[in-house]
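Asker: The file below is entry14.cif, mmCIF, C-alpha atoms:
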```
data_run
loop_
_atom_site.label_atom_id
_atom_site.label_comp_id
_atom_site.auth_asym_id
_atom_site.auth_seq_id
_atom_site.Cartn_x
_atom_site.Cartn_y
_atom_site.Cartn_z
CA MET A 1 0.00 0.00 0.00
CA LYS A 2 2.83 2.34 0.93
CA LYS A 3 4.64 1.43 -2.27
CA ILE A 4 1.57 2.34 -4.34
CA ALA A 5 1.26 5.71 -2.54
CA ILE A 6 4.94 6.39 -3.14
CA LEU A 7 4.62 5.50 -6.83
CA LEU A 8 1.59 7.74 -7.21
CA LEU A 9 3.43 10.59 -5.50
CA LEU A 10 6.46 10.10 -7.72
CA GLY A 11 4.21 10.03 -10.77
CA ALA A 12 2.50 13.25 -9.75
CA ILE A 13 5.86 14.90 -9.14
CA SER A 14 7.09 13.67 -12.50
CA LEU A 15 4.04 15.09 -14.28
CA TYR A 16 4.44 18.38 -12.43
CA MET A 17 8.12 18.57 -13.34
CA SER A 18 7.25 17.72 -16.91
CA ASP A 19 4.76 20.58 -16.97
CA LEU A 20 7.41 22.90 -15.58
CA ALA A 21 9.91 21.76 -18.18
CA HIS A 22 7.48 22.59 -20.97
CA ALA A 23 6.19 25.81 -19.34
CA GLU A 24 6.79 29.07 -21.14
CA THR A 25 5.66 32.61 -20.58
CA ARG A 26 3.13 34.25 -22.85
CA TYR A 27 1.30 37.58 -22.76
CA VAL A 28 -2.25 38.61 -23.48
CA ASN A 29 -2.33 40.31 -26.87
CA ASP A 30 -2.42 44.10 -27.25
CA LEU A 31 -5.66 46.06 -26.70
CA LEU A 32 -7.61 42.99 -25.54
CA GLU A 33 -9.39 41.60 -22.54
CA ILE A 34 -9.80 37.81 -22.64
CA THR A 35 -11.52 35.26 -20.45
CA LEU A 36 -9.81 32.66 -18.29
CA ARG A 37 -12.09 29.58 -18.25
CA THR A 38 -12.15 26.34 -16.31
CA GLY A 39 -11.73 24.27 -19.48
CA PRO A 40 -10.68 24.44 -23.15
CA GLY A 41 -13.88 25.82 -24.64
CA ASN A 42 -16.33 28.72 -24.53
CA ASN A 43 -18.86 26.54 -22.73
CA TYR A 44 -16.68 26.39 -19.62
CA ARG A 45 -17.17 28.76 -16.71
CA ILE A 46 -15.27 32.06 -16.70
CA LEU A 47 -12.81 32.40 -13.83
CA LYS A 48 -11.29 35.84 -14.56
CA ILE A 49 -11.01 38.56 -17.15
CA LEU A 50 -7.35 39.02 -18.22
CA LYS A 51 -6.13 42.40 -19.44
CA SER A 52 -3.73 43.20 -22.24
CA GLY A 53 -0.09 42.70 -21.32
CA GLN A 54 -0.79 40.32 -18.42
CA SER A 55 1.82 37.55 -18.28
CA LEU A 56 0.77 33.89 -18.29
CA GLU A 57 2.70 30.66 -17.82
CA ILE A 58 1.80 28.09 -20.49
CA MET A 59 1.57 24.60 -19.00
CA GLU A 60 0.06 22.73 -21.99
CA THR A 61 -1.90 23.33 -25.19
CA GLU A 62 -4.91 21.52 -26.58
CA ASP A 63 -6.08 22.39 -30.11
CA GLU A 64 -6.72 26.18 -30.04
CA TRP A 65 -6.64 26.45 -26.27
CA SER A 66 -3.78 26.85 -23.77
CA HIS A 67 -3.70 25.73 -20.16
CA VAL A 68 -2.08 28.61 -18.22
CA ARG A 69 -1.04 29.61 -14.70
CA LEU A 70 -1.24 33.21 -13.42
CA ALA A 71 1.13 34.95 -11.04
CA ASP A 72 -1.30 34.28 -8.16
CA GLU A 73 -1.19 30.53 -8.97
CA THR A 74 -4.69 30.58 -10.53
CA THR A 75 -4.91 28.11 -13.45
CA GLY A 76 -7.32 27.98 -16.37
CA TRP A 77 -7.76 27.91 -20.11
CA VAL A 78 -7.50 30.74 -22.65
CA PHE A 79 -7.86 30.98 -26.42
CA SER A 80 -4.31 30.59 -27.79
CA LYS A 81 -4.63 33.07 -30.67
CA TYR A 82 -5.00 35.89 -28.14
CA LEU A 83 -1.56 35.18 -26.70
CA ARG A 84 1.85 36.36 -27.89
CA SER A 85 5.42 35.47 -26.95
CA SER A 86 6.56 39.05 -26.25
CA PRO A 87 4.96 41.82 -24.22
CA PRO A 88 2.59 44.02 -26.30
CA LYS A 89 3.41 47.63 -27.03
CA SER A 90 0.93 48.85 -24.46
CA ALA A 91 2.63 46.74 -21.78
CA LEU A 92 6.02 47.95 -22.96
CA ALA A 93 4.71 51.48 -22.87
CA ASP A 94 3.44 51.01 -19.32
CA SER A 95 6.76 49.43 -18.32
CA LEU A 96 8.70 52.24 -19.93
CA GLN A 97 6.37 54.74 -18.29
CA GLN A 98 7.13 53.20 -14.89
CA GLU A 99 10.84 53.34 -15.66
CA ILE A 100 10.63 56.86 -17.01
CA GLU A 101 8.61 58.27 -14.12
CA PRO A 102 11.49 58.17 -11.58
CA LEU A 103 13.77 59.60 -14.26
CA ARG A 104 11.27 62.38 -14.94
CA LYS A 105 11.16 63.21 -11.23
CA GLU A 106 14.94 63.18 -11.12
CA VAL A 107 15.04 65.50 -14.13
CA GLU A 108 12.64 67.88 -12.36
CA VAL A 109 14.88 67.85 -9.31
CA LEU A 110 17.93 68.48 -11.50
CA LYS A 111 16.13 71.32 -13.28
CA LYS A 112 15.31 72.97 -9.95
CA GLU A 113 18.89 72.48 -8.79
CA ASN A 114 20.19 73.83 -12.09
CA LYS A 115 17.91 76.86 -11.77
CA ARG A 116 19.12 77.41 -8.21
CA LEU A 117 22.74 77.16 -9.37
CA ILE A 118 22.10 79.60 -12.22
CA GLU A 119 20.52 82.09 -9.82
CA ARG A 120 23.39 81.58 -7.36
CA ASN A 121 25.91 82.03 -10.17
CA GLN A 122 24.18 85.25 -11.26
CA GLU A 123 24.18 86.47 -7.67
CA MET A 124 27.89 85.70 -7.32
CA SER A 125 28.55 87.39 -10.67
CA ASN A 126 26.78 90.52 -9.43
CA GLN A 127 28.75 90.39 -6.19
CA LEU A 128 31.97 89.98 -8.19
CA THR A 129 31.10 93.00 -10.34
CA GLU A 130 30.29 95.07 -7.25
CA THR A 131 33.47 93.93 -5.51
CA THR A 132 35.54 94.74 -8.62
CA GLU A 133 34.06 98.24 -8.74
CA GLN A 134 34.80 98.73 -5.04
CA LEU A 135 38.36 97.49 -5.59
CA GLU A 136 38.85 99.91 -8.47
CA THR A 137 37.52 102.75 -6.31
CA LEU A 138 39.85 101.78 -3.46
CA GLN A 139 42.79 101.55 -5.86
CA ALA A 140 42.02 105.03 -7.18
CA GLN A 141 41.71 106.38 -3.63
CA TYR A 142 44.97 104.66 -2.70
CA ALA A 143 46.71 106.23 -5.70
CA ASP A 144 45.35 109.66 -4.69
CA LEU A 145 46.47 109.03 -1.12
CA GLN A 146 49.94 108.07 -2.30
CA GLU A 147 50.13 111.26 -4.36
CA GLU A 148 48.85 113.33 -1.46
CA SER A 149 51.28 111.56 0.85
CA ALA A 150 54.15 112.40 -1.48
CA ASP A 151 53.06 116.04 -1.53
CA TYR A 152 52.65 115.98 2.24
CA LEU A 153 56.12 114.53 2.75
CA LYS A 154 57.58 117.11 0.40
CA LEU A 155 55.80 119.92 2.25
CA LYS A 156 56.91 118.44 5.57
CA GLU A 157 60.53 118.38 4.41
CA GLU A 158 60.25 121.96 3.18
CA HIS A 159 58.60 123.00 6.45
CA THR A 160 61.35 121.31 8.47
CA ALA A 161 64.03 122.99 6.37
CA LEU A 162 62.33 126.38 6.77
CA ASN A 163 62.06 125.81 10.53
CA GLN A 164 65.78 125.09 10.68
CA ILE A 165 66.54 128.21 8.65
CA LEU A 166 64.19 130.25 10.84
CA GLU A 167 65.79 128.85 13.98
CA GLU A 168 69.23 129.76 12.66
CA LYS A 169 67.97 133.24 11.77
CA ASN A 170 66.48 133.65 15.24
CA LYS A 171 69.76 132.61 16.81
CA ARG A 172 71.61 135.07 14.57
CA ILE A 173 69.15 137.80 15.46
CA GLN A 174 69.60 137.06 19.16
CA VAL A 175 73.40 137.29 18.74
CA LEU A 176 73.13 140.54 16.83
CA GLU A 177 70.66 141.96 19.35
CA LYS A 178 73.07 141.07 22.15
CA GLN A 179 75.93 142.63 20.27
CA VAL A 180 73.88 145.77 19.62
CA SER A 181 72.75 145.83 23.23
CA ASP A 182 76.30 145.38 24.46
CA ALA A 183 77.54 148.04 22.10
CA PHE A 184 74.75 150.40 23.15
CA MET A 185 75.44 149.79 26.81
CA SER A 186 79.15 150.30 26.26
CA ALA A 187 78.63 153.59 24.41
CA GLY A 188 76.12 154.82 26.98
CA LEU A 189 78.47 154.00 29.82
CA LYS A 190 81.23 155.89 28.11
CA TRP A 191 79.00 158.88 27.59
CA PHE A 192 77.78 158.64 31.16
CA LEU A 193 81.29 158.45 32.52
CA ALA A 194 82.41 161.29 30.27
CA GLY A 195 79.50 163.45 31.43
CA ALA A 196 80.10 162.57 35.06
CA GLY A 197 83.79 163.38 34.64
CA VAL A 198 82.98 166.75 33.11
CA LEU A 199 80.51 167.46 35.93
CA ILE A 200 82.99 166.50 38.61
CA LEU A 201 85.72 168.47 36.90
CA GLY A 202 83.40 171.46 36.75
CA MET A 203 82.57 171.11 40.38
CA ILE A 204 86.26 170.91 41.29
CA MET A 205 87.11 173.91 39.16
CA GLY A 206 84.15 175.83 40.55
CA SER A 207 85.27 175.03 44.06
CA LYS A 208 88.78 176.27 43.34
CA ILE A 209 87.52 179.44 41.74
CA ALA A 210 85.26 180.08 44.68
CA SER A 211 88.14 179.50 47.04
CA ARG A 212 90.34 181.95 45.20
CA LYS A 213 87.67 184.63 45.25
CA LYS A 214 87.29 184.14 48.96
CA HIS A 215 90.96 184.60 49.57
CA SER A 216 91.02 187.66 47.42
CA THR A 217 88.21 189.25 49.43
CA LEU A 218 89.96 188.56 52.68
CA ARG A 219 92.94 190.51 51.56
#
```
Kindly present the structure from the file in C-alpha cells form.
Answerer:
Amino acid sequence: MKKIAILLLLGAISLYMSDLAHAETRYVNDLLEITLRTGPGNNYRILKILKSGQSLEIMETEDEWSHVRLADETTGWVFSKYLRSSPPKSALADSLQQEIEPLRKEVEVLKKENKRLIERNQEMSNQLTETTEQLETLQAQYADLQEESADYLKLKEEHTALNQILEEKNKRIQVLEKQVSDAFMSAGLKWFLAGAGVLILGMIMGSKIASRKKHSTLR
C-alpha cells in the first residue's frame, strides 16, 4: 500500500516537473481583454477577465486552447490566438512609463537644482562686479592718497628745512641783538662816565675858583 502511494506521489511529481519543463511565458495580446475559463472551450465557466499585457505561464496546449497559470497561482484555459510570446506595445509602454517616471522626477529635481545654481551664479557674478568696482575705487583712492602723501612729505621736508633756517635766523638775530645791546650799553656808559667826569671836573674847578675869590676878598 505504501509502495503504491509512493509510486503515485512520484508520478504526480514527474508530471508536475514535466509541466514545468514545458512551461513558457506568454502575454495577453495588445488592446484585448480575454476570459480565463475552467476548461478548453467557450462553454466552460469564466474564472477571470485578463487584461492586455498580463503575463501567463503556459503549462500545456490543446487544439486552439492553452492551459495557463497566473502569477497568483490561478490556473485555467485561454484561447491561444489571443496570446503572444513578447509583451505588447501597451505593456512595454506602461513598463517604460514606470521606468521613465522616476527619471522624470529626477530631471525635475535636476532642473530645480540647475535653476538654483544659475541664480546663485548670477548672484555671485553681481557680487563679483560690485566687488571689482569697489576694488577699483579703493585703488584710485589709494593712488590719490599716495600722491597726497608724497606732496605731504615734500611739504613736511620743506617746512622742516624752513624751521631750521628760521631757527638759525632767530639765533643770529639774538646774537646781533646782544651785540647791539652790548655796544649800546658800552657807548652809553662811556658817555655817562664822560659826562660825570665833566661834571665832577666842573665842580672841582668851581670850588677852586670860589676859594680863590674868597681869599682875594679877605685881603
Asker: Enter the distance from atom CA of Leu176 of chain A to atom CA of Leu162 of chain A, in Å, rounded to one decimal.
Answerer: 20.5 Å
Asker: For Trp65 of chain A, work out the shell of residues within 6 Å, counting all atoms listed in the file and skipping chain neighbours fewer than 2 positions away, then give it as a ChimeraX atom specification.
Answerer: /A:40,61-63,78-80
Asker: Next, the residues of the selection above should be written as a short mmCIF file (atom, residue, chain, number, x, y, z; two decimals), keeping the file's coordinate frame with C-alpha atoms.
Answerer:
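The resulting selection-v2.cif:
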```
data_model
loop_
_atom_site.label_atom_id
_atom_site.label_comp_id
_atom_site.auth_asym_id
_atom_site.auth_seq_id
_atom_site.Cartn_x
_atom_site.Cartn_y
_atom_site.Cartn_z
CA PRO A 40 -10.68 24.44 -23.15
CA THR A 61 -1.90 23.33 -25.19
CA GLU A 62 -4.91 21.52 -26.58
CA ASP A 63 -6.08 22.39 -30.11
CA VAL A 78 -7.50 30.74 -22.65
CA PHE A 79 -7.86 30.98 -26.42
CA SER A 80 -4.31 30.59 -27.79
#
```
Asker: Here's the selection I'm unsure about, the PyMOL selection byres ((chain A and resi 48) around 6); applied to the file above, which residues does it give, as an MDAnalysis selection string?
Answerer: chainID A and resid 35:36 46:47 49
Asker: Could you tell me how far atom CA of Ile58 of chain A lies from atom CA of Thr25 of chain A, in Å and to one decimal?
Answerer: 5.9 Å
Asker: For the atom pair atom CA of Gly76 of chain A and atom CA of Glu33 of chain A, what is the interatomic distance in Å to one decimal place?
Answerer: 15.1 Å
Asker: Please complete segment 61-92 of chain A with N, CA and C atoms and give it back as a short mmCIF file (atom, residue, chain, number, x, y, z; two decimals), in the frame of the given file.
Answerer:
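Printed below is selection_23.cif as written:
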```cif
data_model
loop_
_atom_site.label_atom_id
_atom_site.label_comp_id
_atom_site.auth_asym_id
_atom_site.auth_seq_id
_atom_site.Cartn_x
_atom_site.Cartn_y
_atom_site.Cartn_z
N THR A 61 -0.98 22.83 -24.17
CA THR A 61 -1.90 23.33 -25.19
C THR A 61 -2.77 22.17 -25.68
N GLU A 62 -3.97 22.52 -26.07
CA GLU A 62 -4.91 21.52 -26.58
C GLU A 62 -5.72 22.20 -27.69
N ASP A 63 -5.45 21.77 -28.94
CA ASP A 63 -6.08 22.39 -30.11
C ASP A 63 -5.82 23.90 -30.09
N GLU A 64 -6.86 24.72 -30.01
CA GLU A 64 -6.72 26.18 -30.04
C GLU A 64 -6.69 26.80 -28.65
N TRP A 65 -6.60 25.96 -27.64
CA TRP A 65 -6.64 26.45 -26.27
C TRP A 65 -5.32 26.15 -25.55
N SER A 66 -5.00 27.02 -24.56
CA SER A 66 -3.78 26.85 -23.77
C SER A 66 -4.15 26.81 -22.29
N HIS A 67 -3.53 25.82 -21.60
CA HIS A 67 -3.70 25.73 -20.16
C HIS A 67 -2.63 26.61 -19.51
N VAL A 68 -3.03 27.59 -18.72
CA VAL A 68 -2.08 28.61 -18.22
C VAL A 68 -2.16 28.73 -16.71
N ARG A 69 -1.09 29.32 -16.13
CA ARG A 69 -1.04 29.61 -14.70
C ARG A 69 -0.73 31.10 -14.55
N LEU A 70 -1.47 31.79 -13.68
CA LEU A 70 -1.24 33.21 -13.42
C LEU A 70 -0.21 33.40 -12.30
N ALA A 71 0.15 34.64 -12.08
CA ALA A 71 1.13 34.95 -11.04
C ALA A 71 0.61 34.60 -9.65
N ASP A 72 -0.72 34.61 -9.47
CA ASP A 72 -1.30 34.28 -8.16
C ASP A 72 -1.64 32.79 -8.04
N GLU A 73 -1.04 31.99 -8.96
CA GLU A 73 -1.19 30.53 -8.97
C GLU A 73 -2.57 30.07 -9.47
N THR A 74 -3.42 30.99 -9.93
CA THR A 74 -4.69 30.58 -10.53
C THR A 74 -4.42 29.92 -11.89
N THR A 75 -5.08 28.80 -12.16
CA THR A 75 -4.91 28.11 -13.45
C THR A 75 -6.23 28.10 -14.20
N GLY A 76 -6.12 28.02 -15.53
CA GLY A 76 -7.32 27.98 -16.37
C GLY A 76 -6.94 27.90 -17.83
N TRP A 77 -7.98 28.05 -18.68
CA TRP A 77 -7.76 27.91 -20.11
C TRP A 77 -8.11 29.21 -20.83
N VAL A 78 -7.25 29.54 -21.84
CA VAL A 78 -7.50 30.74 -22.65
C VAL A 78 -7.34 30.37 -24.12
N PHE A 79 -7.95 31.20 -24.99
CA PHE A 79 -7.86 30.98 -26.42
C PHE A 79 -6.44 31.37 -26.86
N SER A 80 -5.74 30.42 -27.50
CA SER A 80 -4.31 30.59 -27.79
C SER A 80 -4.02 31.75 -28.73
N LYS A 81 -4.93 32.04 -29.67
CA LYS A 81 -4.63 33.07 -30.67
C LYS A 81 -4.58 34.47 -30.05
N TYR A 82 -5.06 34.59 -28.81
CA TYR A 82 -5.00 35.89 -28.14
C TYR A 82 -3.72 36.08 -27.33
N LEU A 83 -2.82 35.12 -27.45
CA LEU A 83 -1.56 35.18 -26.70
C LEU A 83 -0.41 35.48 -27.66
N ARG A 84 0.65 36.05 -27.11
CA ARG A 84 1.85 36.36 -27.89
C ARG A 84 3.07 36.09 -27.03
N SER A 85 4.20 35.85 -27.68
CA SER A 85 5.42 35.47 -26.95
C SER A 85 6.17 36.66 -26.34
N SER A 86 5.88 37.86 -26.79
CA SER A 86 6.56 39.05 -26.25
C SER A 86 5.52 40.03 -25.72
N PRO A 87 5.91 40.86 -24.78
CA PRO A 87 4.96 41.82 -24.22
C PRO A 87 4.43 42.74 -25.32
N PRO A 88 3.14 43.09 -25.31
CA PRO A 88 2.59 44.02 -26.30
C PRO A 88 3.12 45.43 -26.09
N LYS A 89 2.89 46.27 -27.10
CA LYS A 89 3.41 47.63 -27.03
C LYS A 89 2.82 48.40 -25.86
N SER A 90 1.55 48.13 -25.59
CA SER A 90 0.93 48.85 -24.46
C SER A 90 1.61 48.50 -23.15
N ALA A 91 1.95 47.16 -23.01
CA ALA A 91 2.63 46.74 -21.78
C ALA A 91 4.03 47.33 -21.72
N LEU A 92 4.69 47.34 -22.91
CA LEU A 92 6.02 47.95 -22.96
C LEU A 92 5.95 49.44 -22.63
#
```
